[in-house]
Number of protein chains: 2
Amino acid sequence: MRTKILGSAAGGGFPQWNCACRNCSGFRSGSLKARARTQAQVAVSTSATNWVLLNASPDLREQILAIPELAPSVDSKASPVSKIVLTSADVDSVMGLLHLREFQPLHIYCTSAVRRVLTEENSLFRVLNRSTPPAHWEILPLGRLSPLVAPSGPATKDGLFCKAIPLFGDFPDYVSDSLRRTLSQDEAVVGIQLFHKDKLFFFAPSLPGIGEQWRSVVDESDFALLDGTFWTDNELIAMKRGKKSARDMGHLPLSGVNGLLQHRFRPGKTRKVLIHINNSNPILNEDSPEHRQVLDAGFEIAYDGMEFNL
Amino acid sequence: MRTKILGSAAGGGFPQWNCACRNCSGFRSGSLKARARTQAQVAVSTSATNWVLLNASPDLREQILAIPELAPSVDSKASPVSKIVLTSADVDSVMGLLHLREFQPLHIYCTSAVRRVLTEENSLFRVLNRSTPPAHWEILPLGRLSPLVAPSGPATKDGLFCKAIPLFGDFPDYVSDSLRRTLSQDEAVVGIQLFHKDKLFFFAPSLPGIGEQWRSVVDESDFALLDGTFWTDNELIAMKRGKKSARDMGHLPLSGVNGLLQHRFRPGKTRKVLIHINNSNPILNEDSPEHRQVLDAGFEIAYDGMEFNL
């Protein structure tokens, strides 16, 4: 299983277009040792002709163009991208579906609630039905294995399967109250666990850190891409860039009491990499003590173009 | 009045992520003499602290980051971008509004019908209300002058004004039948005429070519950015990339009987530049006879980064 990080930042990317915080202005002036990052986007492959996207970022068009393996095949002229798995209905998880509107038959995997938010109160997504056949929505049940790529033969175990893990986050603020009342709250935010041969990969770019299940899923996985959005719980409030705490927005902060770095995971098993890093997060500064603290705690920090082989 | 072309391609951009047509595959292999183009996006300014966007392209985040003048001011930390004028509710005209969701108070100018499509059946756009104050929608009446930027003093004529010109196109296919029945068809697709001092600029990236008014607006303007989407009327059908003709999609083709190049405009007055060029259009190939024919007919071809001063 190959995994490519096409984008590693939280919503808005880094730098953020209208932000002049220490990170963003330091990056623009060249005084900060940091990499530019597009919004979080992951692509997974078990064969050259089949790439699965994890979420659909607002930057998806430029992200696909940057990766030659994702271009249409010179021989078949077909795109190797036709499957997308969504973890939530957040703008930075779903907006990129609209980049994929150009007559491409898509399979979109998500919870029933996320599908309903997109199709029942957002007519824009009907553009995905212009293709022949139209976009096919596949409902992911919570906690049960669903096939993404069929095995190459009856005796082989080279298929790709996924399981949606409820993470107990909230629906995005844009969802209407009337629709929200009819949705199952457990389906608002999920992590995606992928299974290929004997390897397990857990993807959780939004991790509220509620309950215990997410920790055991990290511990049983060989590779985990985890929520690195904020360093502190009051990060946006302190910068006057928002009114909500990290936890109110469904993101366990990295530092502080019960922050992600304080959790004790099973030693030696899981390669743990932070993704969905907000422009305000001091770990973007590679010279910062916070950056060093993350590495010392046994985590890596994702960057655009990073690649993993499992 | 400064005008910057941030993007010059039609929906999907060039190359298009899932397309292996002659242009797209020729570009990827390096055998085609052509420039990459992001989706059509224009920014207009009458002062360094105030840029107005014409439409909001799906590529808007990367387009803003590419232009240093559009970054937040080092002194005031404020973004010079806060006003957007929309010509239609097409995905490639409006999707970029979601890139601007990061706590930025916006003024969005469009017809009443376009506003209703976005706000009444697409809850996603409520994210624009996260800012303080929330996004303000300003309704553009057809054929009447509206102020975009106030003059610097009572005796000066340095303000920026705009007029919406009905172009008699159709609403996008994603709009529900029930909403469509309550909308004024004349408000579906407009051209935007901008007025600054004694200069007139006409922006019409979707030009169905219906009626006579659009021709007189071109003739009275000093500068016109016009629909260069398709070369022939059956371009997408012939390539098996769609089922509709150029005219069915609201785009007057460049060639053929009554194509844009056949129209006779007032000689010497208007600088005419083609924008919104589809990946299928042979004029993208700078060695092609079609590219030459456009230049010989007195038109220029927009590219990303092109700039005009009026």
# chains A, B, ... in the order shown; residues from 1 in each chain; ligands from 1

call {"tool": "interface_residues", "arguments": {"of": "chain A", "to": "chain B", "cutoff": "7 Å", "atoms": "only C-alpha atoms", "output": "ChimeraX atom specification"}}
result
/A:12,17-20,61,64-65,71-72,77,79,102,121-124,126-127,174-175

call {"tool": "residues_around", "arguments": {"residues": "Pro147 in chain A", "least_positions_apart": "2", "cutoff": "7 Å", "atoms": "only C-alpha atoms", "output": "PyMOL selection string"}}
result
chain A and resi 145+149-150+160-162

call {"tool": "write_last_selection", "arguments": {"atoms": "N, CA, C and O atoms", "output": "PDB file, in the first residue's frame"}}
result
ATOM      1  N   LEU A 145     -16.305  -3.643   8.000  1.00  0.00           N
ATOM      2  CA  LEU A 145     -15.415  -3.608   6.838  1.00  0.00           C
ATOM      3  C   LEU A 145     -16.209  -3.436   5.549  1.00  0.00           C
ATOM      4  O   LEU A 145     -17.212  -4.112   5.332  1.00  0.00           O
ATOM      5  N   VAL A 149     -11.261  -1.829  -2.966  1.00  0.00           N
ATOM      6  CA  VAL A 149     -10.682  -2.418  -4.180  1.00  0.00           C
ATOM      7  C   VAL A 149     -10.769  -3.923  -4.004  1.00  0.00           C
ATOM      8  O   VAL A 149     -10.303  -4.463  -2.988  1.00  0.00           O
ATOM      9  N   ALA A 150     -11.378  -4.600  -4.961  1.00  0.00           N
ATOM     10  CA  ALA A 150     -11.544  -6.052  -4.862  1.00  0.00           C
ATOM     11  C   ALA A 150     -10.190  -6.748  -4.973  1.00  0.00           C
ATOM     12  O   ALA A 150      -9.287  -6.240  -5.648  1.00  0.00           O
ATOM     13  N   LEU A 160      -8.318  -3.971  -0.963  1.00  0.00           N
ATOM     14  CA  LEU A 160      -8.230  -2.845  -0.026  1.00  0.00           C
ATOM     15  C   LEU A 160      -9.606  -2.682   0.614  1.00  0.00           C
ATOM     16  O   LEU A 160     -10.613  -2.591  -0.092  1.00  0.00           O
ATOM     17  N   PHE A 161      -9.620  -2.684   1.931  1.00  0.00           N
ATOM     18  CA  PHE A 161     -10.875  -2.598   2.676  1.00  0.00           C
ATOM     19  C   PHE A 161     -10.815  -1.404   3.618  1.00  0.00           C
ATOM     20  O   PHE A 161      -9.728  -0.955   3.982  1.00  0.00           O
ATOM     21  N   CYS A 162     -11.975  -0.899   3.990  1.00  0.00           N
ATOM     22  CA  CYS A 162     -11.960   0.216   4.950  1.00  0.00           C
ATOM     23  C   CYS A 162     -13.052   0.067   5.992  1.00  0.00           C
ATOM     24  O   CYS A 162     -14.065  -0.610   5.772  1.00  0.00           O
TER      25      CYS A 162
END

call {"tool": "residues_around", "arguments": {"residues": "Ala9 in chain A", "least_positions_apart": "4", "cutoff": "6 Å", "atoms": "only C-alpha atoms", "output": "PDB file with N, CA and C atoms, in the first residue's frame"}}
result
ATOM      1  N   GLY A  13      -4.996  26.247   4.401  1.00  0.00           N
ATOM      2  CA  GLY A  13      -3.622  25.997   3.961  1.00  0.00           C
ATOM      3  C   GLY A  13      -2.621  26.885   4.674  1.00  0.00           C
ATOM      4  N   ARG A  37       2.258  24.642   2.645  1.00  0.00           N
ATOM      5  CA  ARG A  37       1.454  23.412   2.676  1.00  0.00           C
ATOM      6  C   ARG A  37       0.065  23.688   2.111  1.00  0.00           C
ATOM      7  N   THR A  38      -0.380  22.836   1.198  1.00  0.00           N
ATOM      8  CA  THR A  38      -1.770  22.894   0.746  1.00  0.00           C
ATOM      9  C   THR A  38      -2.639  22.129   1.743  1.00  0.00           C
ATOM     10  N   GLN A  39      -3.950  22.221   1.549  1.00  0.00           N
ATOM     11  CA  GLN A  39      -4.889  21.657   2.523  1.00  0.00           C
ATOM     12  C   GLN A  39      -4.868  20.118   2.497  1.00  0.00           C
ATOM     13  N   ALA A  40      -5.096  19.516   3.668  1.00  0.00           N
ATOM     14  CA  ALA A  40      -4.871  18.078   3.865  1.00  0.00           C
ATOM     15  C   ALA A  40      -5.537  17.225   2.790  1.00  0.00           C
ATOM     16  N   HIS A 276      -2.997  17.853   8.756  1.00  0.00           N
ATOM     17  CA  HIS A 276      -4.063  18.839   8.982  1.00  0.00           C
ATOM     18  C   HIS A 276      -3.562  19.885   9.984  1.00  0.00           C
ATOM     19  N   ILE A 277      -2.411  20.468   9.652  1.00  0.00           N
ATOM     20  CA  ILE A 277      -1.737  21.397  10.564  1.00  0.00           C
ATOM     21  C   ILE A 277      -2.181  22.823  10.241  1.00  0.00           C
ATOM     22  N   ASN A 278      -2.711  23.516  11.235  1.00  0.00           N
ATOM     23  CA  ASN A 278      -3.237  24.855  10.985  1.00  0.00           C
ATOM     24  C   ASN A 278      -2.116  25.874  10.822  1.00  0.00           C
TER      25      ASN A 278
END

call {"tool": "residues_around", "arguments": {"residues": "Gly209 in chain A", "least_positions_apart": "5", "cutoff": "9 Å", "atoms": "only C-alpha atoms", "output": "PyMOL selection string"}}
result
chain A and resi 167-169+214-215+247+250-252+258-260

call {"tool": "residues_around", "arguments": {"residues": "range 136-138 of chain A", "least_positions_apart": "2", "cutoff": "10 Å", "atoms": "only C-alpha atoms", "output": "list of chain:residue names"}}
result
A:Lys83, A:Ile84, A:Val85, A:Pro105, A:Leu106, A:His107, A:Ile108, A:Tyr109, A:Cys110, A:Thr111, A:Ser112, A:Arg115, A:Thr119, A:Leu128, A:Asn129, A:Pro133, A:Pro134, A:Leu140, A:Pro141, A:Ser146, A:Leu148

call {"tool": "write_last_selection", "arguments": {"atoms": "C-alpha atoms", "output": "CSV table (one decimal), in the first residue's frame"}}
result
chain,number,residue,atom,x,y,z
A,83,LYS,CA,-12.8,6.6,-5.6
A,84,ILE,CA,-13.0,9.0,-2.7
A,85,VAL,CA,-13.5,8.3,1.0
A,105,PRO,CA,-17.7,8.6,-13.0
A,106,LEU,CA,-16.9,8.6,-9.3
A,107,HIS,CA,-17.5,6.3,-6.3
A,108,ILE,CA,-17.9,8.4,-3.1
A,109,TYR,CA,-17.7,6.5,0.2
A,110,CYS,CA,-19.1,8.2,3.3
A,111,THR,CA,-21.6,7.9,6.1
A,112,SER,CA,-25.2,8.2,5.4
A,115,ARG,CA,-24.1,12.0,2.1
A,119,THR,CA,-27.0,15.9,-1.5
A,128,LEU,CA,-21.2,15.1,-10.2
A,129,ASN,CA,-24.1,13.5,-12.0
A,133,PRO,CA,-22.7,6.8,-15.2
A,134,PRO,CA,-23.4,9.5,-12.6
A,140,LEU,CA,-20.0,3.3,5.0
A,141,PRO,CA,-21.6,1.6,8.0
A,146,SER,CA,-16.3,-2.4,3.3
A,148,LEU,CA,-12.7,-0.4,-1.7

call {"tool": "select_by_dssp", "arguments": {"residues": "range 151-278 of chain B", "states": "helix (DSSP H, G or I)", "output": "MDAnalysis selection string"}}
result
chainID B and resid 177:180 185:187 213:220 235:238 247:249 260:262

call {"tool": "atom_distance", "arguments": {"atom1": "CA of Tyr303 in chain A", "atom2": "CA of Val94 in chain B"}}
result
29.1 Å

call {"tool": "residues_around", "arguments": {"residues": "Gln213 in chain A", "least_positions_apart": "4", "cutoff": "9 Å", "atoms": "only C-alpha atoms", "output": "number ranges by chain"}}
result
A: 165-167, 217-218

call {"tool": "write_last_selection", "arguments": {"atoms": "N, CA and C atoms", "output": "short mmCIF file (atom, residue, chain, number, x, y, z; two decimals), in the first residue's frame"}}
result
data_model
loop_
_atom_site.label_atom_id
_atom_site.label_comp_id
_atom_site.auth_asym_id
_atom_site.auth_seq_id
_atom_site.Cartn_x
_atom_site.Cartn_y
_atom_site.Cartn_z
N ILE A 165 -14.58 4.59 11.67
CA ILE A 165 -14.52 4.57 13.14
C ILE A 165 -15.17 5.86 13.66
N PRO A 166 -16.26 5.78 14.42
CA PRO A 166 -16.89 7.03 14.91
C PRO A 166 -15.96 7.75 15.89
N LEU A 167 -15.81 9.06 15.70
CA LEU A 167 -14.88 9.82 16.55
C LEU A 167 -15.60 10.84 17.42
N VAL A 217 -7.46 1.94 18.23
CA VAL A 217 -7.30 1.85 16.77
C VAL A 217 -5.90 2.34 16.36
N VAL A 218 -5.43 3.41 16.99
CA VAL A 218 -4.05 3.85 16.74
C VAL A 218 -3.08 2.71 17.09
#

call {"tool": "residues_around", "arguments": {"residues": "range 221-228 of chain B", "least_positions_apart": "2", "cutoff": "7 Å", "atoms": "only C-alpha atoms", "output": "PyMOL selection string"}}
result
chain B and resi 199-207+217-219+230+251+254+269-277

call {"tool": "select_by_dssp", "arguments": {"residues": "range 135-220 of chain B", "states": "strand (DSSP E or B)", "output": "number ranges by chain"}}
result
B: 136-139, 142, 146-149, 160-166, 190-196, 199-204

call {"tool": "atom_distance", "arguments": {"atom1": "CA of Gln41 in chain B", "atom2": "CA of Gln41 in chain A"}}
result
24.0 Å

call {"tool": "closest_residue", "arguments": {"among": "B:Ser93, B:Ser216, B:Asn309, B:Asn281", "to": "Ala34 in chain B", "atoms": "only C-alpha atoms"}}
result
B:Asn281

call {"tool": "atom_distance", "arguments": {"atom1": "CA of Ile301 in chain B", "atom2": "CA of Val257 in chain B"}}
result
20.9 Å

call {"tool": "decode", "arguments": {"residues": "range 291-303 of chain A", "atoms": "all heavy atoms", "output": "compact mmCIF listing (two decimals), in the first residue's frame"}}
result
# COMPACT_ATOMS: atom_id res chain seq x y z
N HIS A 291 8.14 22.30 17.58
CA HIS A 291 8.47 21.35 16.51
C HIS A 291 9.34 20.23 17.08
O HIS A 291 9.07 19.04 16.85
CB HIS A 291 9.20 22.10 15.38
CG HIS A 291 9.52 21.27 14.17
ND1 HIS A 291 8.69 21.21 13.07
CD2 HIS A 291 10.58 20.47 13.89
CE1 HIS A 291 9.23 20.41 12.16
NE2 HIS A 291 10.38 19.95 12.62
N ARG A 292 10.33 20.62 17.84
CA ARG A 292 11.26 19.66 18.45
C ARG A 292 10.51 18.74 19.42
O ARG A 292 10.70 17.52 19.45
CB ARG A 292 12.37 20.45 19.16
CG ARG A 292 13.31 19.70 20.08
CD ARG A 292 13.98 18.48 19.47
NE ARG A 292 14.56 18.71 18.14
CZ ARG A 292 14.88 17.73 17.29
NH1 ARG A 292 14.69 16.46 17.62
NH2 ARG A 292 15.38 18.00 16.11
N GLN A 293 9.59 19.33 20.21
CA GLN A 293 8.82 18.56 21.20
C GLN A 293 7.99 17.45 20.54
O GLN A 293 7.87 16.35 21.08
CB GLN A 293 7.88 19.54 21.93
CG GLN A 293 7.78 19.31 23.42
CD GLN A 293 6.98 20.44 24.07
OE1 GLN A 293 7.28 21.61 23.87
NE2 GLN A 293 5.96 20.08 24.83
N VAL A 294 7.42 17.76 19.37
CA VAL A 294 6.63 16.77 18.63
C VAL A 294 7.51 15.59 18.22
O VAL A 294 7.15 14.42 18.41
CB VAL A 294 5.98 17.42 17.39
CG1 VAL A 294 5.48 16.37 16.41
CG2 VAL A 294 4.83 18.33 17.81
N LEU A 295 8.68 15.89 17.68
CA LEU A 295 9.59 14.82 17.24
C LEU A 295 10.06 14.00 18.44
O LEU A 295 10.10 12.77 18.39
CB LEU A 295 10.79 15.41 16.49
CG LEU A 295 10.46 16.29 15.27
CD1 LEU A 295 11.75 16.72 14.57
CD2 LEU A 295 9.54 15.58 14.27
N ASP A 296 10.37 14.69 19.53
CA ASP A 296 10.83 13.99 20.74
C ASP A 296 9.74 13.07 21.31
O ASP A 296 10.04 12.06 21.95
CB ASP A 296 11.26 14.99 21.82
CG ASP A 296 12.56 15.69 21.44
OD1 ASP A 296 13.23 15.22 20.50
OD2 ASP A 296 12.89 16.72 22.07
N ALA A 297 8.48 13.42 21.07
CA ALA A 297 7.37 12.60 21.58
C ALA A 297 7.09 11.40 20.66
O ALA A 297 6.15 10.65 20.90
CB ALA A 297 6.12 13.45 21.73
N GLY A 298 7.88 11.26 19.59
CA GLY A 298 7.73 10.08 18.73
C GLY A 298 6.78 10.26 17.56
O GLY A 298 6.37 9.29 16.93
N PHE A 299 6.43 11.51 17.25
CA PHE A 299 5.57 11.79 16.10
C PHE A 299 6.41 12.38 14.97
O PHE A 299 7.42 13.06 15.22
CB PHE A 299 4.49 12.81 16.47
CG PHE A 299 3.41 12.27 17.38
CD1 PHE A 299 3.63 12.16 18.75
CD2 PHE A 299 2.19 11.85 16.87
CE1 PHE A 299 2.65 11.66 19.59
CE2 PHE A 299 1.20 11.35 17.71
CZ PHE A 299 1.43 11.24 19.08
N GLU A 300 5.96 12.16 13.73
CA GLU A 300 6.51 12.88 12.59
C GLU A 300 5.51 13.96 12.17
O GLU A 300 4.35 13.95 12.60
CB GLU A 300 6.76 11.92 11.42
CG GLU A 300 7.81 10.86 11.74
CD GLU A 300 7.85 9.76 10.69
OE1 GLU A 300 8.33 10.02 9.58
OE2 GLU A 300 7.38 8.66 10.98
N ILE A 301 5.95 14.88 11.33
CA ILE A 301 5.09 15.98 10.87
C ILE A 301 4.98 15.88 9.36
O ILE A 301 5.99 15.96 8.65
CB ILE A 301 5.68 17.34 11.30
CG1 ILE A 301 5.81 17.39 12.83
CG2 ILE A 301 4.81 18.48 10.79
CD1 ILE A 301 6.53 18.64 13.35
N ALA A 302 3.76 15.68 8.86
CA ALA A 302 3.57 15.49 7.42
C ALA A 302 3.88 16.77 6.65
O ALA A 302 3.68 17.88 7.15
CB ALA A 302 2.14 15.05 7.13
N TYR A 303 4.39 16.58 5.43
CA TYR A 303 4.58 17.71 4.51
C TYR A 303 4.09 17.27 3.13
O TYR A 303 3.97 16.07 2.85
CB TYR A 303 6.05 18.15 4.48
CG TYR A 303 7.03 17.04 4.17
CD1 TYR A 303 7.31 16.70 2.85
CD2 TYR A 303 7.67 16.34 5.18
CE1 TYR A 303 8.20 15.66 2.56
CE2 TYR A 303 8.56 15.31 4.90
CZ TYR A 303 8.82 14.98 3.58
OH TYR A 303 9.68 13.96 3.29
